[in-house]
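K.L.:
Input data-v1.csv, format and content: CSV, C-alpha atoms.
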```csv
chain,number,residue,atom,x,y,z
A,270,MET,CA,-8.8,-10.2,-24.1
A,271,PHE,CA,-9.3,-13.9,-23.1
A,272,LYS,CA,-5.8,-14.0,-21.6
A,273,ASP,CA,-6.5,-10.9,-19.5
A,274,VAL,CA,-9.7,-12.5,-18.1
A,275,VAL,CA,-7.9,-15.7,-17.2
A,276,GLU,CA,-5.0,-13.7,-15.6
A,277,GLU,CA,-7.4,-11.8,-13.5
A,278,LEU,CA,-9.1,-15.0,-12.3
A,279,LEU,CA,-5.7,-16.5,-11.5
A,280,GLU,CA,-4.7,-13.5,-9.5
A,281,GLU,CA,-7.9,-13.7,-7.5
A,282,ALA,CA,-7.4,-17.4,-6.8
A,283,LEU,CA,-3.8,-16.8,-5.7
A,284,ALA,CA,-4.9,-13.9,-3.4
A,285,LYS,CA,-7.0,-16.4,-1.5
A,286,LYS,CA,-4.0,-18.7,-1.0
A,287,PRO,CA,-1.1,-16.4,-0.1
A,288,SER,CA,1.4,-19.3,0.4
A,289,LEU,CA,1.1,-20.1,-3.3
A,290,PHE,CA,3.0,-18.2,-6.0
A,291,LEU,CA,3.1,-18.2,-9.8
A,292,ILE,CA,6.0,-19.8,-11.7
A,293,GLU,CA,4.6,-19.8,-15.2
A,294,PHE,CA,1.4,-18.6,-16.9
A,295,TYR,CA,0.8,-19.1,-20.6
A,296,VAL,CA,-2.2,-18.9,-22.9
A,297,SER,CA,-1.6,-20.2,-26.4
A,298,ASP,CA,-3.3,-19.0,-29.6
A,299,SER,CA,-5.6,-22.0,-29.4
A,300,ASN,CA,-6.6,-21.0,-25.8
A,301,ALA,CA,-4.6,-23.8,-24.1
A,302,ILE,CA,-4.0,-22.4,-20.6
A,303,ARG,CA,-0.9,-23.5,-18.6
A,304,VAL,CA,-0.4,-22.5,-15.0
A,305,VAL,CA,2.6,-23.7,-13.0
A,306,LEU,CA,2.5,-23.0,-9.2
A,307,ASP,CA,4.9,-23.3,-6.3
A,308,GLY,CA,4.3,-22.6,-2.6
A,309,ASP,CA,6.2,-21.7,0.5
A,310,ASN,CA,5.1,-25.0,2.0
A,311,GLY,CA,4.9,-26.9,-1.3
A,312,VAL,CA,1.9,-27.5,-3.5
A,313,ASN,CA,-0.6,-30.3,-3.1
A,314,LEU,CA,-3.3,-31.7,-5.3
A,315,LYS,CA,-6.0,-29.7,-3.5
A,316,ASP,CA,-4.2,-26.4,-4.2
A,317,CYS,CA,-4.0,-27.2,-7.9
A,318,MET,CA,-7.7,-28.2,-8.0
A,319,ASP,CA,-8.8,-25.0,-6.2
A,320,VAL,CA,-6.9,-22.8,-8.6
A,321,SER,CA,-8.2,-24.8,-11.6
A,322,ARG,CA,-11.8,-24.5,-10.4
A,323,ALA,CA,-11.5,-20.8,-9.7
A,324,ILE,CA,-10.5,-20.3,-13.3
A,325,GLU,CA,-12.7,-22.9,-15.0
A,326,HIS,CA,-15.9,-22.2,-13.1
A,327,ASN,CA,-15.7,-18.5,-14.1
A,328,LEU,CA,-15.3,-19.0,-17.8
A,329,ASP,CA,-18.0,-19.9,-20.2
A,330,ARG,CA,-17.2,-22.7,-22.7
A,331,GLU,CA,-20.1,-21.5,-24.8
A,332,GLU,CA,-18.3,-18.2,-25.5
A,333,GLN,CA,-14.7,-19.5,-25.6
A,334,ASP,CA,-13.3,-23.0,-25.9
A,335,PHE,CA,-10.2,-23.7,-23.9
A,336,ALA,CA,-8.0,-26.3,-22.3
A,337,LEU,CA,-6.7,-25.8,-18.8
A,338,GLU,CA,-3.7,-27.3,-17.0
A,339,VAL,CA,-2.7,-26.3,-13.5
A,340,THR,CA,0.3,-28.1,-12.1
A,341,SER,CA,3.1,-27.7,-9.5
A,342,ALA,CA,6.7,-27.0,-10.3
A,343,GLY,CA,8.6,-30.2,-10.6
A,344,ALA,CA,11.3,-31.3,-8.2
A,345,THR,CA,14.0,-30.8,-10.9
A,346,SER,CA,12.6,-27.6,-12.3
A,347,PRO,CA,14.9,-24.6,-12.3
A,348,LEU,CA,14.3,-22.0,-9.5
A,349,VAL,CA,12.9,-18.8,-11.1
A,350,ASN,CA,11.2,-17.0,-8.2
A,351,PRO,CA,13.1,-15.5,-5.2
A,352,ARG,CA,10.6,-17.2,-2.9
A,353,GLN,CA,11.8,-20.6,-4.2
A,354,TYR,CA,15.2,-19.9,-2.8
A,355,VAL,CA,13.9,-19.1,0.6
A,356,LYS,CA,11.8,-22.3,0.5
A,357,ASN,CA,14.9,-24.3,-0.3
A,358,LEU,CA,17.2,-23.0,2.4
A,359,GLY,CA,19.4,-25.8,3.7
A,360,ARG,CA,19.1,-27.9,0.5
A,361,VAL,CA,21.9,-28.5,-2.0
A,362,LEU,CA,21.7,-26.4,-5.2
A,363,GLU,CA,23.5,-26.5,-8.5
A,364,VAL,CA,23.9,-22.9,-9.7
A,365,LYS,CA,25.2,-21.9,-13.1
A,366,THR,CA,26.6,-18.4,-13.7
A,367,ALA,CA,28.8,-16.8,-16.4
A,368,ASP,CA,31.7,-17.6,-14.0
A,369,GLY,CA,31.0,-21.4,-13.9
A,370,LYS,CA,28.9,-24.0,-12.1
A,371,PHE,CA,28.8,-24.2,-8.3
A,372,GLU,CA,27.2,-26.8,-6.1
A,373,GLY,CA,26.6,-26.4,-2.4
A,374,GLN,CA,24.2,-26.1,0.5
A,375,LEU,CA,22.0,-23.0,0.3
A,376,ALA,CA,23.0,-21.2,3.5
A,377,HIS,CA,21.7,-17.7,3.1
A,378,VAL,CA,19.2,-15.8,0.9
A,379,ASP,CA,18.3,-12.2,0.9
A,380,GLY,CA,16.7,-10.0,-1.8
A,381,THR,CA,19.8,-9.7,-3.9
A,382,LEU,CA,22.1,-12.6,-3.3
A,383,ILE,CA,22.5,-16.2,-2.2
A,384,ARG,CA,25.3,-17.9,-0.4
A,385,LEU,CA,26.3,-21.5,-1.1
A,386,GLU,CA,28.5,-23.5,1.3
A,387,TRP,CA,30.3,-26.8,0.8
A,388,LYS,CA,33.2,-28.8,2.3
A,389,ALA,CA,36.4,-29.5,0.4
A,390,ARG,CA,39.5,-31.4,1.1
A,391,GLU,CA,42.7,-29.3,0.7
A,392,PRO,CA,46.3,-29.8,1.4
A,393,LYS,CA,47.4,-28.7,4.9
A,394,PRO,CA,49.2,-25.4,5.0
A,395,VAL,CA,52.0,-27.1,6.9
A,396,GLY,CA,53.0,-30.7,6.7
A,397,LYS,CA,51.6,-33.6,4.7
A,398,GLY,CA,48.1,-34.6,4.2
A,399,LYS,CA,44.8,-32.9,3.7
A,400,HIS,CA,42.2,-31.3,5.9
A,401,THR,CA,38.5,-30.4,5.4
A,402,VAL,CA,37.7,-26.7,4.9
A,403,LEU,CA,34.3,-25.0,4.6
A,404,LYS,CA,34.1,-23.1,1.3
A,405,GLN,CA,31.6,-20.3,0.6
A,406,LYS,CA,30.4,-18.6,-2.6
A,407,GLU,CA,28.1,-15.5,-2.6
A,408,ILE,CA,26.3,-15.1,-5.9
A,409,GLU,CA,24.2,-12.2,-6.9
A,410,MET,CA,20.7,-13.3,-8.0
A,411,ALA,CA,21.0,-11.2,-11.1
A,412,ASP,CA,24.1,-13.3,-12.1
A,413,ILE,CA,22.3,-16.6,-11.8
A,414,GLU,CA,21.6,-18.2,-15.2
A,415,GLU,CA,20.0,-21.4,-13.8
A,416,ALA,CA,19.6,-22.9,-10.3
A,417,LYS,CA,18.3,-26.3,-9.5
A,418,VAL,CA,17.8,-28.4,-6.4
A,419,VAL,CA,20.2,-31.4,-6.4
A,420,ILE,CA,18.3,-34.6,-5.6
A,421,LYS,CA,20.4,-37.5,-4.4
A,422,PHE,CA,19.2,-41.0,-3.7
```
Could you render the structure as structure tokens?
P.N.:
Amino acid sequence: MFKDVVEELLEEALAKKPSLFLIEFYVSDSNAIRVVLDGDNGVNLKDCMDVSRAIEHNLDREEQDFALEVTSAGATSPLVNPRQYVKNLGRVLEVKTADGKFEGQLAHVDGTLIRLEWKAREPKPVGKGKHTVLKQKEIEMADIEEAKVVIKF
């Protein structure tokens, strides 16, 4: 029952901020509430505070004791929502599937698949030496076991 009330308050708060979307929502047996958000344009501190207040100010601590944590998805967190792929177009991803691990620039996203592109050095078809070729791999979203943005310094 408590979880349902919190979930309804969370949905109302997210409806007021359509650029935000839910990554994780969890309520433990001891009423520890954890909300992880992401956004089409990122998530700032004010977004987290607004969602936190929308939940906390509509619950009565006299009736139910709880702990509340509202946070943004980390830079190295796996992508779990299709909107996260759209948000990361043009960035380098590492994608694990049953067929292996692929790393490349996210070049295309639609509702069912993504396309990674990367450059590779291969032997020339004729003569000695190597040349650079553009490789592509289309991956069905349903086949993705884990996808993360690669951060390089």
K.L.:
Please list as a ChimeraX atom specification every residue within 10 Å of Leu375 of chain A, counting only C-alpha atoms and excluding residues in the same chain fewer than 4 positions away.
P.N.:
/A:354-355,357-363,383-387,405-406,418
K.L.:
What does the distance from atom CA of Glu276 of chain A to atom CA of Ile324 of chain A come to in Å, to one decimal?
P.N.:
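A separation of 8.9 Å between them.
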K.L.:
Between A:Ser346, A:Thr340, A:Phe335, A:Ser297, which is the closest to Leu314 of chain A once you count all atoms listed in the file?
P.N.:
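The answer is A:Thr340, which sits nearest to Leu314 of chain A.
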K.L.:
From the list A:Asp316, A:Glu281, A:Glu338, A:Glu331, which residue is nearest Val304 of chain A when using all atoms listed in the file?
P.N.:
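Selected residue with least distance to Val304 of chain A: A:Glu338.
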K.L.:
How many Å separate atom CA of Arg303 of chain A from atom CA of Val339 of chain A?
P.N.:
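One can read the atom CA of Arg303 of chain A to atom CA of Val339 of chain A distance as 6.1 Å.
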K.L.:
Using all atoms listed in the file, which protein or nucleic acid residues come within 10 Å of Val312 of chain A? Drop anything in the same chain fewer than 4 positions from it, and give the result as a PDB file with C-alpha atoms, in the coordinates of the input.
P.N.:
```pdb
ATOM      1  CA  SER A 288       1.400 -19.300   0.400  1.00  0.00           C
ATOM      2  CA  LEU A 289       1.100 -20.100  -3.300  1.00  0.00           C
ATOM      3  CA  PHE A 290       3.000 -18.200  -6.000  1.00  0.00           C
ATOM      4  CA  LEU A 306       2.500 -23.000  -9.200  1.00  0.00           C
ATOM      5  CA  ASP A 307       4.900 -23.300  -6.300  1.00  0.00           C
ATOM      6  CA  GLY A 308       4.300 -22.600  -2.600  1.00  0.00           C
ATOM      7  CA  ASP A 316      -4.200 -26.400  -4.200  1.00  0.00           C
ATOM      8  CA  CYS A 317      -4.000 -27.200  -7.900  1.00  0.00           C
ATOM      9  CA  THR A 340       0.300 -28.100 -12.100  1.00  0.00           C
ATOM     10  CA  SER A 341       3.100 -27.700  -9.500  1.00  0.00           C
ATOM     11  CA  ALA A 342       6.700 -27.000 -10.300  1.00  0.00           C
TER      12      ALA A 342
END
```
K.L.:
Go ahead and compute the interatomic distance for atom CA of Asn313 of chain A and atom CA of Thr345 of chain A, in Å to one decimal.
P.N.:
16.6 Å
K.L.:
Any idea what's packed within 12 Å of Ala301 of chain A, counting all atoms listed in the file, ignoring anything in its chain fewer than 6 positions away? Could you give it as a PDB file with C-alpha atoms, in the coordinates of the input?
P.N.:
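The file below, around_22.pdb, is the result:
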```pdb
ATOM      1  CA  PHE A 271      -9.300 -13.900 -23.100  1.00  0.00           C
ATOM      2  CA  LYS A 272      -5.800 -14.000 -21.600  1.00  0.00           C
ATOM      3  CA  VAL A 275      -7.900 -15.700 -17.200  1.00  0.00           C
ATOM      4  CA  PHE A 294       1.400 -18.600 -16.900  1.00  0.00           C
ATOM      5  CA  TYR A 295       0.800 -19.100 -20.600  1.00  0.00           C
ATOM      6  CA  GLN A 333     -14.700 -19.500 -25.600  1.00  0.00           C
ATOM      7  CA  ASP A 334     -13.300 -23.000 -25.900  1.00  0.00           C
ATOM      8  CA  PHE A 335     -10.200 -23.700 -23.900  1.00  0.00           C
ATOM      9  CA  ALA A 336      -8.000 -26.300 -22.300  1.00  0.00           C
ATOM     10  CA  LEU A 337      -6.700 -25.800 -18.800  1.00  0.00           C
ATOM     11  CA  GLU A 338      -3.700 -27.300 -17.000  1.00  0.00           C
ATOM     12  CA  VAL A 339      -2.700 -26.300 -13.500  1.00  0.00           C
TER      13      VAL A 339
END
```
K.L.:
Between A:Glu293, A:Asp309, A:Glu414, A:Glu277, which has the minimum distance to Asn327 of chain A (counting only C-alpha atoms)?
P.N.:
A:Glu277
